[in-house]
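Asks: Sharing a structure, written as structure tokens. Questions coming.
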Amino acid sequence: MAEDFDVIVVGAGPAGSMAALAAARGGWSVCLIERGPFPGSKNMYGGVVYPRILDQVIDRWWEDVPVQRFITRRQTMVMESDRALTVDYRTAAWGAPPYNGLTTYRSDFDRWLATKATEAGATLVCSTTVTGLLLEHDRVVGVRTDRPEGELRAKVVIACDGVNSFLAKEAGLYANFSADHLTLGVKEVLRFDPATIEERFGVTGREGCDIEILGATPGVLGGGFCYTNYDTVAIGIIAKLPSLAAAKVRPEDLIANLKAHPAIEPLVRGGELVEYNAHMIPEGGLKAMPQVVTDGMVVCGDAAHLTLAAGIWLEGVNFAMGSGLAAGEAAAEAISAGDWTAAGLGVYRTKINSTFVLKDHEKLQHIPELVLSERVQFAYPALICDLVEELFTVRNPTPKPGGIKVLLDKARANDVKLRHLAIDGLKALRSFR
Amino acid sequence: MTERYDGVSFEDRMATVQFSVADTAHIVVDGDKCQGCTTKACVSVCPAKLFVPLSSGGVLFNYEQCFECGSCYVVCNEAGAISWSYPEGGKGVVLRHG
């Protein structure tokens with residue numbers, strides 16, 4: 001039976017639009033299907049788009065990308081009760097092309113990127129939910145949609161249907177879809193006068209600040225974030241789902257708690273809530289990934305569990321774009337070569353294997369688990385604050401204590417065994433080397 | 001009862017989010033299976049607070065203000081109690097500041 005399109009891309013998020021763009025540029029007919037009324041309408045994220053992949057496909061993308069602010073100030077904060085240690089880095093270099101990171105609203109950014117795909121020749125169909133796969137002899141040959149007579153056939157289906165990926169599950173690619181690898185992200189978007197944001201975050205013009213926080217969710221394995229848009233500040237938490245469920249704490253109460261912290265309260269005081277939103281995040285890293293290639297289909301972005309949650313690196317949109325680009329190119333090459341079985345589409349796997357998309361995940365595969373471990377979450381923030389507090393507390397006339405003694409004392413006081421510190425430290429060093 | 005913090009009630013919080021409600025529910029809960037559930041994890045994790053425990057042991061739910069995150073079925077420990085799919089095309093949550 002003839003195909004309706006050469007390639008069907010399910011989901012017009014950053015993975016899907018990149019895939020559609022690449023496949024269309026490869027010369028093939030592409031249908032990009034989005035279940036929301038417009039691309040981005042179902043999406044939220046935790047703050048920063050890292051744009052290097054955009055360089056590869058859109059010349060001078062910064063001239064028309066819908067940007068809120070370009071990140072020139074990046075902070076990592078470790079907090080505990082009413083204390084916090086912040087590493088604060090700023091550089092003007094990130095405020096000029098080609099830029100290192102930007103904040104945006106996904107309703108704007110995803111729509112913009114989808115437009116790039118349609119300009120390359122892809123057909124965008126919104127308000128259409130893909131309800132399942134068309135299978136023939138265990139081979140994916142298209143999708144079912146909720147439109148009347150909504151079956152669409154294609155040589156290759158690219159599943160960019162998000163963290164819940166019903167398509168990857170239906171194709172049997174997920175051996176291991178579990179709450180253990182998933183976090184819930186919730187955030188508030190608070191409106192301010194841009195001048196207030198500039199003052200509070202120490203930025204000017206279109207410069208912006210991004211703060212990632214360890215220890216933001218007391219009693220729950222998780223983290224926090226706070227970043228600037230042009231005239232809003234986004235503040236939110238992520239929480240490991242089984243831990244959130246066990247603690248019986250409400251997500252919005254975790255945000256309220258974070259907003260009340262002395263290190264955060266002065267930044268978000270008095271903002272008007274313009275939107276509250278939530279999304280599930282695949283944070284398990286390499287261990288939680290599904291197979292990404294089968295006969296007639298490849299899987300990208302959140303659907304492939306490609307979000308990187310590795311402590312100081314928290315990235316997702318770039319991995320979605322990187323994997324989507326590779327998938328679109330792979331689909332185009334496989335069709336040109338006349339083989340879009342799993343073997344022919346294997347070139348997708350080869351492509352992501354040779355770039356950051358899988359390389360970073362391989363390198364950092366042990367980090368997500370470490371970051372969301374009980375010790376890193378519940379013991380180390382207090383230990384770190386204790387150490388820094390001791391370092392900076394002046395106890396004249398008592399002389400300053402030796403560093404080793406302070407470490408031993410504070411480790412004991414926080415019930416942290418040096419053996420565990422060494423194990424965790426080595427694990428981190430081995431991954432980051 | 002309206003719970004408040006920060007001067008914003010939960011109803012006001014949810015009122016900031018736009019929904020285009022579908023006629024049919026994309027979440028279906030099998031109440032019989034909830035009877036035996038002791039954790040009721042869906043109640044505490046759902047960011048939209050769509051699940052409410054009943055004194056009878058079951059769970060009351062609504063689908064109208066769903067973020068479509070999937071957390072409820074992921075944490076549910078009673079196999080098959082929550083059936084969850086995406087709403088029909090064009091319906092459901094419409095985020096503007098995500």
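Labels for the structure tokens follow display order: chains A, B, ..., residues from 1 in each chain, ligands from 1.
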Excluding B:Phe61 and any residue of its chain fewer than 2 positions from it, enumerate the residues within 8 Å of it, using only C-alpha atoms, and give them as an mmCIF file with C-alpha atoms, in the first residue's frame.

Replies:
data_model
loop_
_atom_site.group_PDB
_atom_site.id
_atom_site.type_symbol
_atom_site.label_atom_id
_atom_site.label_comp_id
_atom_site.auth_asym_id
_atom_site.auth_seq_id
_atom_site.Cartn_x
_atom_site.Cartn_y
_atom_site.Cartn_z
ATOM 1 C CA VAL B 29 -10.189 5.269 37.449
ATOM 2 C CA LEU B 50 -7.333 16.034 40.628
ATOM 3 C CA PHE B 51 -7.587 13.045 42.965
ATOM 4 C CA VAL B 52 -9.466 13.253 46.242
ATOM 5 C CA VAL B 59 -10.844 7.977 45.031
ATOM 6 C CA TYR B 63 -9.927 15.151 34.366
#

Asks: Which residues in stretch 164-299 of chain A does DSSP call strand (DSSP E)? List them as a PyMOL selection string.

Replies: chain A and resi 182-191+207-214+222-228+232-240+272-282+293-294+297-299

Asks: Can you write out the residues you just picked, keeping N, CA and C atoms, as a short mmCIF file (atom, residue, chain, number, x, y, z; two decimals), in the first residue's frame?

Replies:
data_model
loop_
_atom_site.label_atom_id
_atom_site.label_comp_id
_atom_site.auth_asym_id
_atom_site.auth_seq_id
_atom_site.Cartn_x
_atom_site.Cartn_y
_atom_site.Cartn_z
N LEU A 182 11.72 8.76 37.05
CA LEU A 182 10.95 9.93 36.64
C LEU A 182 10.82 10.94 37.77
N THR A 183 10.90 12.20 37.40
CA THR A 183 10.63 13.25 38.39
C THR A 183 9.44 14.07 37.90
N LEU A 184 8.83 14.75 38.85
CA LEU A 184 7.78 15.71 38.51
C LEU A 184 8.37 17.10 38.65
N GLY A 185 8.24 17.90 37.62
CA GLY A 185 8.66 19.30 37.69
C GLY A 185 7.43 20.19 37.79
N VAL A 186 7.42 21.09 38.74
CA VAL A 186 6.32 22.08 38.82
C VAL A 186 6.94 23.46 38.96
N LYS A 187 6.31 24.43 38.36
CA LYS A 187 6.87 25.77 38.50
C LYS A 187 5.78 26.84 38.50
N GLU A 188 6.16 27.97 39.05
CA GLU A 188 5.32 29.16 39.02
C GLU A 188 6.02 30.20 38.17
N VAL A 189 5.25 30.92 37.39
CA VAL A 189 5.80 32.03 36.62
C VAL A 189 5.22 33.31 37.22
N LEU A 190 6.12 34.15 37.72
CA LEU A 190 5.71 35.33 38.50
C LEU A 190 6.07 36.60 37.74
N ARG A 191 5.10 37.49 37.61
CA ARG A 191 5.34 38.71 36.83
C ARG A 191 5.93 39.83 37.69
N GLU A 207 20.08 40.43 29.34
CA GLU A 207 20.83 39.45 30.13
C GLU A 207 19.92 38.77 31.14
N GLY A 208 20.27 37.53 31.47
CA GLY A 208 19.45 36.81 32.44
C GLY A 208 20.27 35.94 33.36
N CYS A 209 19.61 35.44 34.39
CA CYS A 209 20.25 34.64 35.44
C CYS A 209 19.52 33.32 35.60
N ASP A 210 20.28 32.27 35.83
CA ASP A 210 19.71 30.94 36.06
C ASP A 210 20.33 30.37 37.33
N ILE A 211 19.47 29.96 38.27
CA ILE A 211 19.94 29.39 39.54
C ILE A 211 19.43 27.96 39.64
N GLU A 212 20.35 27.01 39.85
CA GLU A 212 19.96 25.62 40.09
C GLU A 212 20.27 25.30 41.53
N ILE A 213 19.37 24.60 42.20
CA ILE A 213 19.45 24.49 43.66
C ILE A 213 19.42 23.04 44.15
N LEU A 214 20.41 22.69 44.95
CA LEU A 214 20.42 21.40 45.64
C LEU A 214 19.94 21.62 47.07
N GLY A 222 14.98 15.65 45.35
CA GLY A 222 14.61 16.55 44.25
C GLY A 222 15.59 17.69 44.09
N GLY A 223 15.10 18.82 43.65
CA GLY A 223 15.93 19.98 43.44
C GLY A 223 15.07 21.19 43.14
N GLY A 224 15.73 22.33 42.98
CA GLY A 224 14.97 23.54 42.71
C GLY A 224 15.62 24.35 41.61
N PHE A 225 14.87 25.28 41.05
CA PHE A 225 15.43 26.17 40.04
C PHE A 225 14.70 27.51 40.07
N CYS A 226 15.40 28.52 39.63
CA CYS A 226 14.83 29.86 39.57
C CYS A 226 15.55 30.57 38.43
N TYR A 227 14.79 31.09 37.47
CA TYR A 227 15.46 31.76 36.35
C TYR A 227 14.62 32.93 35.87
N THR A 228 15.28 33.80 35.14
CA THR A 228 14.62 35.02 34.72
C THR A 228 14.14 34.94 33.27
N THR A 232 9.14 38.16 33.74
CA THR A 232 8.69 37.20 34.75
C THR A 232 9.90 36.45 35.30
N VAL A 233 9.69 35.88 36.49
CA VAL A 233 10.68 34.98 37.09
C VAL A 233 10.01 33.63 37.26
N ALA A 234 10.68 32.58 36.83
CA ALA A 234 10.14 31.24 37.01
C ALA A 234 10.82 30.60 38.21
N ILE A 235 10.02 30.03 39.08
CA ILE A 235 10.58 29.35 40.25
C ILE A 235 9.89 28.01 40.39
N GLY A 236 10.68 26.97 40.59
CA GLY A 236 10.05 25.66 40.65
C GLY A 236 10.92 24.62 41.31
N ILE A 237 10.33 23.44 41.42
CA ILE A 237 11.06 22.31 42.00
C ILE A 237 10.88 21.10 41.09
N ILE A 238 11.80 20.16 41.22
CA ILE A 238 11.58 18.85 40.66
C ILE A 238 11.62 17.88 41.84
N ALA A 239 10.85 16.81 41.75
CA ALA A 239 10.81 15.83 42.83
C ALA A 239 10.73 14.43 42.26
N LYS A 240 11.57 13.54 42.78
CA LYS A 240 11.52 12.16 42.35
C LYS A 240 10.16 11.59 42.75
N GLU A 272 3.43 38.56 40.75
CA GLU A 272 2.05 38.14 40.48
C GLU A 272 2.07 36.83 39.70
N LEU A 273 1.37 35.83 40.21
CA LEU A 273 1.36 34.52 39.55
C LEU A 273 0.62 34.61 38.21
N VAL A 274 1.36 34.35 37.12
CA VAL A 274 0.69 34.40 35.82
C VAL A 274 0.44 33.00 35.24
N GLU A 275 1.20 32.02 35.70
CA GLU A 275 0.89 30.64 35.32
C GLU A 275 1.58 29.68 36.27
N TYR A 276 0.85 28.62 36.58
CA TYR A 276 1.38 27.49 37.35
C TYR A 276 1.36 26.33 36.37
N ASN A 277 2.47 25.57 36.29
CA ASN A 277 2.43 24.44 35.36
C ASN A 277 3.30 23.29 35.82
N ALA A 278 3.16 22.18 35.15
CA ALA A 278 3.82 20.95 35.60
C ALA A 278 4.11 20.04 34.42
N HIS A 279 5.11 19.20 34.59
CA HIS A 279 5.48 18.23 33.56
C HIS A 279 6.28 17.12 34.21
N MET A 280 6.22 15.94 33.61
CA MET A 280 7.05 14.85 34.11
C MET A 280 8.38 14.89 33.34
N ILE A 281 9.48 14.52 34.03
CA ILE A 281 10.81 14.60 33.41
C ILE A 281 11.50 13.23 33.50
N PRO A 282 12.06 12.77 32.38
CA PRO A 282 12.82 11.51 32.43
C PRO A 282 14.24 11.78 32.91
N VAL A 293 15.61 2.36 18.24
CA VAL A 293 15.42 2.02 16.82
C VAL A 293 14.66 0.70 16.71
N THR A 294 13.66 0.67 15.84
CA THR A 294 13.02 -0.59 15.49
C THR A 294 12.65 -0.51 14.01
N MET A 297 10.76 2.71 12.71
CA MET A 297 10.56 3.78 13.70
C MET A 297 11.84 4.05 14.50
N VAL A 298 12.04 5.33 14.81
CA VAL A 298 13.09 5.73 15.76
C VAL A 298 12.46 6.63 16.82
N VAL A 299 13.14 6.74 17.97
CA VAL A 299 12.59 7.46 19.12
C VAL A 299 13.58 8.54 19.55
#

Asks: Which of these, A:Tyr99, A:Tyr230, A:Phe356, A:Trp112, has the shortest distance to A:Asp55 once you count only C-alpha atoms?

Replies: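 The answer is A:Tyr99, which sits nearest to A:Asp55.
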
Asks: Based on only C-alpha atoms, which of the residues in chain B come within 9 Å of chain A? I want them as a VMD selection string.

Replies: chain B and resid 5 to 6 8 10 13 to 18 39 to 49 67 to 71 74 to 75 85 to 98

Asks: Need to verify the contact set: A:Val388, 10 Å, only C-alpha atoms, exclusion of same-chain residues closer than 5 positions in sequence. Can you return it as a list in words?

Replies: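 What passes the distance filter is Ala84, Leu85, Ala382, Leu383, Thr393 and Val406 of chain A.
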
Asks: Suppose we keep N, CA and C atoms; can you now write the selection as a compact mmCIF listing (two decimals), in the first residue's frame?

Replies:
# COMPACT_ATOMS: atom_id res chain seq x y z
N ALA A 84 22.49 28.99 52.91
CA ALA A 84 22.76 28.64 51.51
C ALA A 84 24.17 29.02 51.11
N LEU A 85 24.81 28.16 50.33
CA LEU A 85 26.09 28.46 49.71
C LEU A 85 25.83 28.55 48.20
N ALA A 382 23.58 20.14 54.45
CA ALA A 382 23.83 20.64 55.81
C ALA A 382 25.32 20.57 56.13
N LEU A 383 25.98 19.49 55.71
CA LEU A 383 27.41 19.37 55.94
C LEU A 383 28.17 20.50 55.26
N THR A 393 33.14 31.76 60.29
CA THR A 393 32.82 32.27 61.62
C THR A 393 34.13 32.60 62.34
N VAL A 406 37.91 20.31 61.33
CA VAL A 406 36.56 20.83 61.04
C VAL A 406 35.77 19.80 60.23

Asks: So that I can see what lies close to A:Ala175, please list as an MDAnalysis selection string the residues with an atom at most 10 Å from it, counting only C-alpha atoms and leaving out residues fewer than 6 positions away in the same chain.

Replies: chainID A and resid 169 288:291

Asks: Just to confirm, what's the straight-line distance from atom CA of A:Ala171 to atom CA of A:Gly27 in Å (one decimal)?

Replies: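 About the pair atom CA of A:Ala171 and atom CA of A:Gly27: they are 27.1 Å apart.
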
Asks: Would you please work out which residue, of A:Leu267, A:His420, A:Val87, A:Glu3, is nearest to A:Val376 when using only C-alpha atoms?

Replies: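 Selected residue with least distance to A:Val376: A:His420.
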
Asks: Check the DSSP output for the backbone and give back, as a ChimeraX atom specification, the residues of stretch 210-413 of chain A in helix (DSSP H, G or I).

Replies: /A:241-247,251-259,265-268,285-288,301-304,317-337,342-353,356-363,367-371,374-392,403-413

Asks: Provide the atom CA of A:Pro368 to atom CA of A:Ala310 distance in Å, to one decimal place.

Replies: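 Distance between the two atoms: 5.1 Å.
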
Asks: Residues within 8 Å of B:Ser83, please, as an MDAnalysis selection string. Count only C-alpha atoms; anything in the same chain fewer than 2 positions from it doesn't count.

Replies: chainID B and resid 26:29 73 80:81 85

Asks: Which value, in Å to one decimal, gives the distance between atom CA of A:Tyr380 and atom CA of A:Phe319?

Replies: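 Between these atoms lies a distance of 29.2 Å.
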